[in-house]
Each structure stands twice: as C-alpha cells, then as structure tokens.
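S.K.: Here you go, one structure.
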Amino acid sequence: MNTLHDRRRRSTMRLFPIALAVCALLFLRDGGVVLAFAPRNADNFAVRSRVTQGRCKEGFDMRPRVDCHNNMVNNMKQDANQVITVGEKVRRMTSSQRVQHFFGQLEDLYSQSGSIKCPFFRRRAADAIDSASEVLRFLLIRHKSLGIFDLPPPPGCNPNSRFIAKNPDGTPALKAKHLSIQEIATIIERDWVTLSSSNIMDGRKLHKGYYITGRLNSTIYRNDCLFDGPDPDMPVRGLRKYLSAAAHLFDSSKSFAELKSLEYEDDKTIVVRWKLGGVLMLPWRPIVKPWTGTTRYHLDEEGLIYLHDEEWDISAIQAFVYTLFPKIGERIYGAA
C-alpha cells in the first residue's frame with residue numbers, strides 16, 4: 001500500500017504546475033486580475049486604452065476620424081463595463097460562495113474535457129483539472145481561519161455524471177450498502193457478462209464487460225474508489241474518472257472483455273479472472289493481443305468497493321510496445 005501511495009503522490013506532484021496554471025486561467029477568466037488592476041471609472045479606462053492604440057480597426061467607418069474614434073471608445077466602454085460587471089459579481093460573493101463558484105468552474109472544465117477525442121490527451125486534461133481541485137482543497141483546508149469546510153469532491157469523484165446510476169428525478173442513486181458478499185459478486189458478474197445483439201465478431205458472441213463499455217452498477221462502488229493496476233495511467237481516484245476513461249479506450253465493436261472465473265478470497269475480497277483484447281481508440285487504431293489478468297474487489301466496512309486492484313499476465317512493457325509500435329510488437333511477441 002505504501003508503494004501505491006508513493007505512486008499517487010508522484011503523479012500529483014508531476015501535475016502540480018499544470019494544476020496551478022488551471023487555477024490561474026480560471027482566475028483570469030472570471031476577471032480577477034482585471035478587477036484588481038482596472039480603474040474604477042470605465043469611461044477613463046476605455047478612453048485611455050483606445051487613444052493609446054492610435055488607429056481604427058479595419059472595417060470601421062472611416063469617414064470622419066473623430067466618429068470612428070468615438071465608436072471605438074463606446075465599444076471599449078461596453079467591454080470594460082462587462083469585465084467589471086463579472087468582477088463585481090464575484091467580489092460581492094461571500095468567501096464560501098467564491099469557493100463554490102471556483103469549484104463549479106473546475107467542474108465545467110472537467111465536463112468539457114470529456115469531448116477530447118484522443119484518450120491520452122483526455123486523460124491528461126482530466127488529471128490536470130483534478131489536481132487543480134486537490135491543490136485548492138489543500139490550501140483551503142490549511143487556512144482554517146477562512147471557516148470553509150464544506151468542500152465539494154474532486155471532479156473525478158463527483159457522482160453527478162452520466163456514468164453514475166441516477167434516480168428518475170436525476171439525482172444520484174443511493175449506494176447499496178451492507179449487501180452480502182454473494183449479492184455483490186452477482187452484481188459484478190452481471191457487469192462482466194451482459195450481452196447485446198451488437199456484441200458479435202467473427203460470427204460468435206463476445207462478452208462486453210465494463211472494461212470495454214464503461215457501464216457497471218455504480219451503487220456498489222464508492223464514488224472515490226481507487227483503481228490501481230500495471231497501466232502507467234494508474235492509479236485512478238474516482239469512479240467517474242475511471243468509467244469515463246474505460247468508455248473511450250476500446251473500440252467496443254471490435255473488442256471484448258470475457259469473465260473466466262469468480263471466487264472469494266475472504267469475506268471482504270472478491271477475485272475475478274478475465275480475458276481482454278481488441279482495438280484501442282488511438283489515431284492509428286492498434287490491435288491489442290488478447291491477454292489475461294486478475295482483478296480484486298476490496299470491500300469497506302459498509303460493503304462498498306473502495307479498491308479495484310488489477311494484475312496482468314503480461315508485462316506493462318509488452319502492452320506498451322504493442323500499443324505504440326504494433327509491428328515491432330508482432331515481431332517480438334507474435335501477431336495479435
């Protein structure tokens with residue numbers, strides 16, 4: 001477990017500069033710097049700014065130069081008033097409201113990062129935003145004098161996501177706590193073996209587990225569940241982040257995740273053996289040679305999965321070579 005924490009800490013420290021940059025961008029977007037240095041009088045601010053430019057933009061009415069200049073001044077007044085209006089709105093908030101507003105901006109950025117097509121850059125963006133949230137949480141917790149303790153979870157652990165089960169009214173579904181280990185095992189098995197009419201390749205039906213689809217019964221997992229494994233992108237903190245990555249990693253029409261066995265290691269651990277293979281959603285669409293592995297589901301005192309720990313029967317180097325250099329991988333390890 002110490003190694004796991006060390007990896008998590010190193011991963012966070014690598015992203016620390018990016019996290020600070022994200023915080024700075026959000027501060028700028030809300031007019032924080034402009035509000036700090038802009039003159040109180042928007043008219044003077046507009047006049048000085050436009051006069052120093054000393055020219056008219058292409059496309060403006062150039063008939064009388066004075067009219068053109070006046071048009072510029074009026075436009076700049078409107079821009080300055082808009083900036084100051086945004087800044088004033090933020091300044092009038094209480095400390096708690098400002099914090100909630102800032103976390104809301106991080107949540108919006110996290111949601112927008114899901115539209116990035118490349119899995120690698122999508123994950124980098126999500127990590128940077130999550131790290132920015134953790135940095136902000138750390139700073140706020142350290143400054144107890146602010147009296148701000150009710151902080152939202154990091155975006156990757158937020159239950160308000162399309163990957164998390166919802167009630168009919170759109171609120172997150174309640175967690176299924178204190179189930180027996182047999183009931184939890186049945187739910188896990190269902191997440192692995194669910195089939196549909198589209199799961200056909202080479203004339204045979206294939207399992208499409210949540211490793212491929214990113215869909216599972218989220219009510220048996222903690223929202224801040226830790227997902228660990230040989231993958232260089234792991235560990236991942238947060239059910240939302242993990243499922244978002246899984247849903248966009250494989251081409252579901254050409255990939256499979258098959259459950260081989262399920263058993264109990266003890267009354268708090270479920271062990272699954274699986275086989276996985278297919279095509280990754282990277283620009284060059286590398287074919288991943290089928291490989292086997294093991295996943296352990298560790299339960300907390302409430303019967304929820306808090307640790308999802310996987311092991312592979314191939315080395316991480318072999319998987320890396322197959323992903324980035326398919327031809328070389330085929331020569332070294334055989335065709336996929």
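Labels used: A, B, ... for chains in the order of the structure tokens, numbers from 1 for residues in each chain, and numbers from 1 for ligands as shown.
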If we count only C-alpha atoms and set the cut-off at 10 Å, which residues sit around Phe320 (chain A), ignoring sequence neighbours fewer than 6 positions away in its own chain? Please answer as a list in words.
M.R.: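 Skipping anything fewer than 6 positions along the chain leaves Asp231, Pro232, Val288, Pro326 and Gly329 of chain A.
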S.K.: What lies within 9 Å of Ala126 (chain A) using only C-alpha atoms, ignoring chain neighbours under 4 positions off, as a PyMOL selection string?
M.R.: chain A and resi 109-111+113-114+121-122+130-131+155-156+241
S.K.: Where in region 100-330 of chain A does DSSP assign strand (DSSP E or B), given as a ChimeraX atom specification?
M.R.: /A:166,172,200-201,204-205,208,221-228,236-237,250,256-266,269-280,287-299,305-312
S.K.: Calculate how many Å separate CA of Leu276 (chain A) from CA of Pro290 (chain A), rounding to one decimal.
M.R.: 5.3 Å
S.K.: Restricting the calculation to only C-alpha atoms, which member of A:Arg124, A:Arg222, A:Lys117, A:Arg215 is positioned closest to Ala247 (chain A)?
M.R.: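 Residue with the minimum atom-to-atom distance to Ala247 (chain A): A:Arg215.
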S.K.: For Glu301 (chain A), which residue out of A:Asn223, A:Ser261, A:Asn158, A:Ser180 is the nearest one, using only C-alpha atoms?
M.R.: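 Checking each of A:Asn223, A:Ser261, A:Asn158, A:Ser180 against Glu301 (chain A), counting only C-alpha atoms, the winner is A:Ser180.
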S.K.: Pick out each residue of region 155-294 of chain A that DSSP on the backbone tags as alpha helix (DSSP H); I need them as a list in words.
M.R.: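 The alpha helix (DSSP H) subset of region 155-294 of chain A is Ile181, Gln182, Glu183, Ile184, Ala185, Thr186, Ile187, Ile188, Glu189, Arg190, Asp191, Trp192, Val193, Tyr210, Tyr211, Ile212, Thr213, Leu239, Arg240, Lys241, Tyr242, Leu243, Ser244, Ala245, Ala246 and Ala247 of chain A.
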S.K.: Which one is closest to Tyr221 (chain A): A:Pro168, A:Pro159, A:Pro153, A:Pro119? Count only C-alpha atoms.
M.R.: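 Looking at the shortest contact to Tyr221 (chain A), the residue is A:Pro159.
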S.K.: Please provide the set of residues having any atom within 8 Å of Trp274 (chain A), restricted to only C-alpha atoms, with same-chain residues fewer than 2 positions apart removed, written as a list in words.
M.R.: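 Answer for this query is Ala257, Glu258, Leu259, Lys260, Ser261, Val272, Leu276, Thr292, Gly293, Thr294 and Thr295 of chain A.
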S.K.: For the selection you just gave me, I'd like the residues written to a file as an mmCIF file, in the first residue's frame, keeping C-alpha atoms.
M.R.:
data_model
loop_
_atom_site.group_PDB
_atom_site.id
_atom_site.type_symbol
_atom_site.label_atom_id
_atom_site.label_comp_id
_atom_site.auth_asym_id
_atom_site.auth_seq_id
_atom_site.Cartn_x
_atom_site.Cartn_y
_atom_site.Cartn_z
ATOM 1 C CA ALA A 257 -13.795 -8.465 -22.091
ATOM 2 C CA GLU A 258 -14.607 -12.004 -21.001
ATOM 3 C CA LEU A 259 -15.131 -13.245 -17.456
ATOM 4 C CA LYS A 260 -13.244 -16.512 -16.860
ATOM 5 C CA SER A 261 -13.899 -17.130 -13.160
ATOM 6 C CA VAL A 272 -12.150 -12.248 -10.858
ATOM 7 C CA LEU A 276 -9.362 -8.933 -22.658
ATOM 8 C CA THR A 292 -5.493 -12.458 -19.234
ATOM 9 C CA GLY A 293 -5.439 -10.928 -15.808
ATOM 10 C CA THR A 294 -6.925 -10.769 -12.322
ATOM 11 C CA THR A 295 -8.996 -8.096 -10.590
#
S.K.: Would you compute the distance between CA of Glu302 (chain A) and CA of Lys268 (chain A)? Give it in Å to one decimal.
M.R.: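 CA of Lys268 (chain A) lies at a distance of 10.5 Å from CA of Glu302 (chain A).
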S.K.: Work out how far CA of Phe325 (chain A) is from CA of Pro286 (chain A), in Å to one decimal.
M.R.: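 We find that CA of Pro286 (chain A) and CA of Phe325 (chain A) lie 8.4 Å from each other.
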S.K.: Ranking A:Gly170, A:Ser218, A:Asp228, A:Leu139 by minimum distance to Leu304 (chain A) and counting only C-alpha atoms, which one comes first?
M.R.: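 Closest candidate: A:Ser218.
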S.K.: Between A:Ile270, A:Ile212, A:Ile314, A:Met234, which one has atoms that come closest to Thr186 (chain A), using only C-alpha atoms?
M.R.: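 When distances to Thr186 (chain A) are compared using only C-alpha atoms, the smallest one comes from A:Ile270.
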S.K.: Smallest atom-to-atom distance to Asp266 (chain A): which of A:Arg296, A:Phe102, A:Leu249, A:Pro283, using only C-alpha atoms?
M.R.: A:Arg296
S.K.: Which residues are near Pro235 (chain A)? Cut-off 7 Å, only C-alpha atoms, ignore same chain within fewer than 6 positions. Put them as a ChimeraX atom specification.
M.R.: /A:8,226-229
S.K.: Taking all heavy atoms for each residue, export the selection above as a compact mmCIF listing (two decimals), in the first residue's frame.
M.R.:
# COMPACT_ATOMS: atom_id res chain seq x y z
N ARG A 8 0.83 7.55 -6.23
CA ARG A 8 -0.19 8.59 -6.28
C ARG A 8 0.42 9.96 -5.99
O ARG A 8 0.09 10.95 -6.65
CB ARG A 8 -1.28 8.26 -5.26
CG ARG A 8 -2.42 9.29 -5.20
CD ARG A 8 -3.20 9.32 -6.48
NE ARG A 8 -4.30 10.27 -6.41
CZ ARG A 8 -5.07 10.60 -7.42
NH1 ARG A 8 -4.86 10.05 -8.59
NH2 ARG A 8 -6.04 11.48 -7.28
N LEU A 226 -10.61 3.76 -5.50
CA LEU A 226 -9.28 3.82 -6.09
C LEU A 226 -9.10 2.64 -7.04
O LEU A 226 -9.28 1.48 -6.65
CB LEU A 226 -8.22 3.79 -5.00
CG LEU A 226 -6.77 3.90 -5.48
CD1 LEU A 226 -6.52 5.25 -6.13
CD2 LEU A 226 -5.81 3.69 -4.32
N PHE A 227 -8.73 2.92 -8.28
CA PHE A 227 -8.50 1.90 -9.29
C PHE A 227 -7.00 1.84 -9.57
O PHE A 227 -6.40 2.82 -9.99
CB PHE A 227 -9.26 2.23 -10.57
CG PHE A 227 -10.75 2.22 -10.42
CD1 PHE A 227 -11.41 3.32 -9.90
CD2 PHE A 227 -11.50 1.09 -10.77
CE1 PHE A 227 -12.79 3.32 -9.74
CE2 PHE A 227 -12.88 1.09 -10.60
CZ PHE A 227 -13.52 2.19 -10.09
N ASP A 228 -6.41 0.66 -9.31
CA ASP A 228 -4.96 0.52 -9.47
C ASP A 228 -4.65 -0.68 -10.35
O ASP A 228 -5.44 -1.62 -10.46
CB ASP A 228 -4.29 0.37 -8.11
CG ASP A 228 -2.78 0.53 -8.20
OD1 ASP A 228 -2.32 1.21 -9.13
OD2 ASP A 228 -2.06 -0.04 -7.36
N GLY A 229 -3.48 -0.64 -10.99
CA GLY A 229 -3.07 -1.72 -11.86
C GLY A 229 -1.75 -1.41 -12.53
O GLY A 229 -1.14 -0.35 -12.29
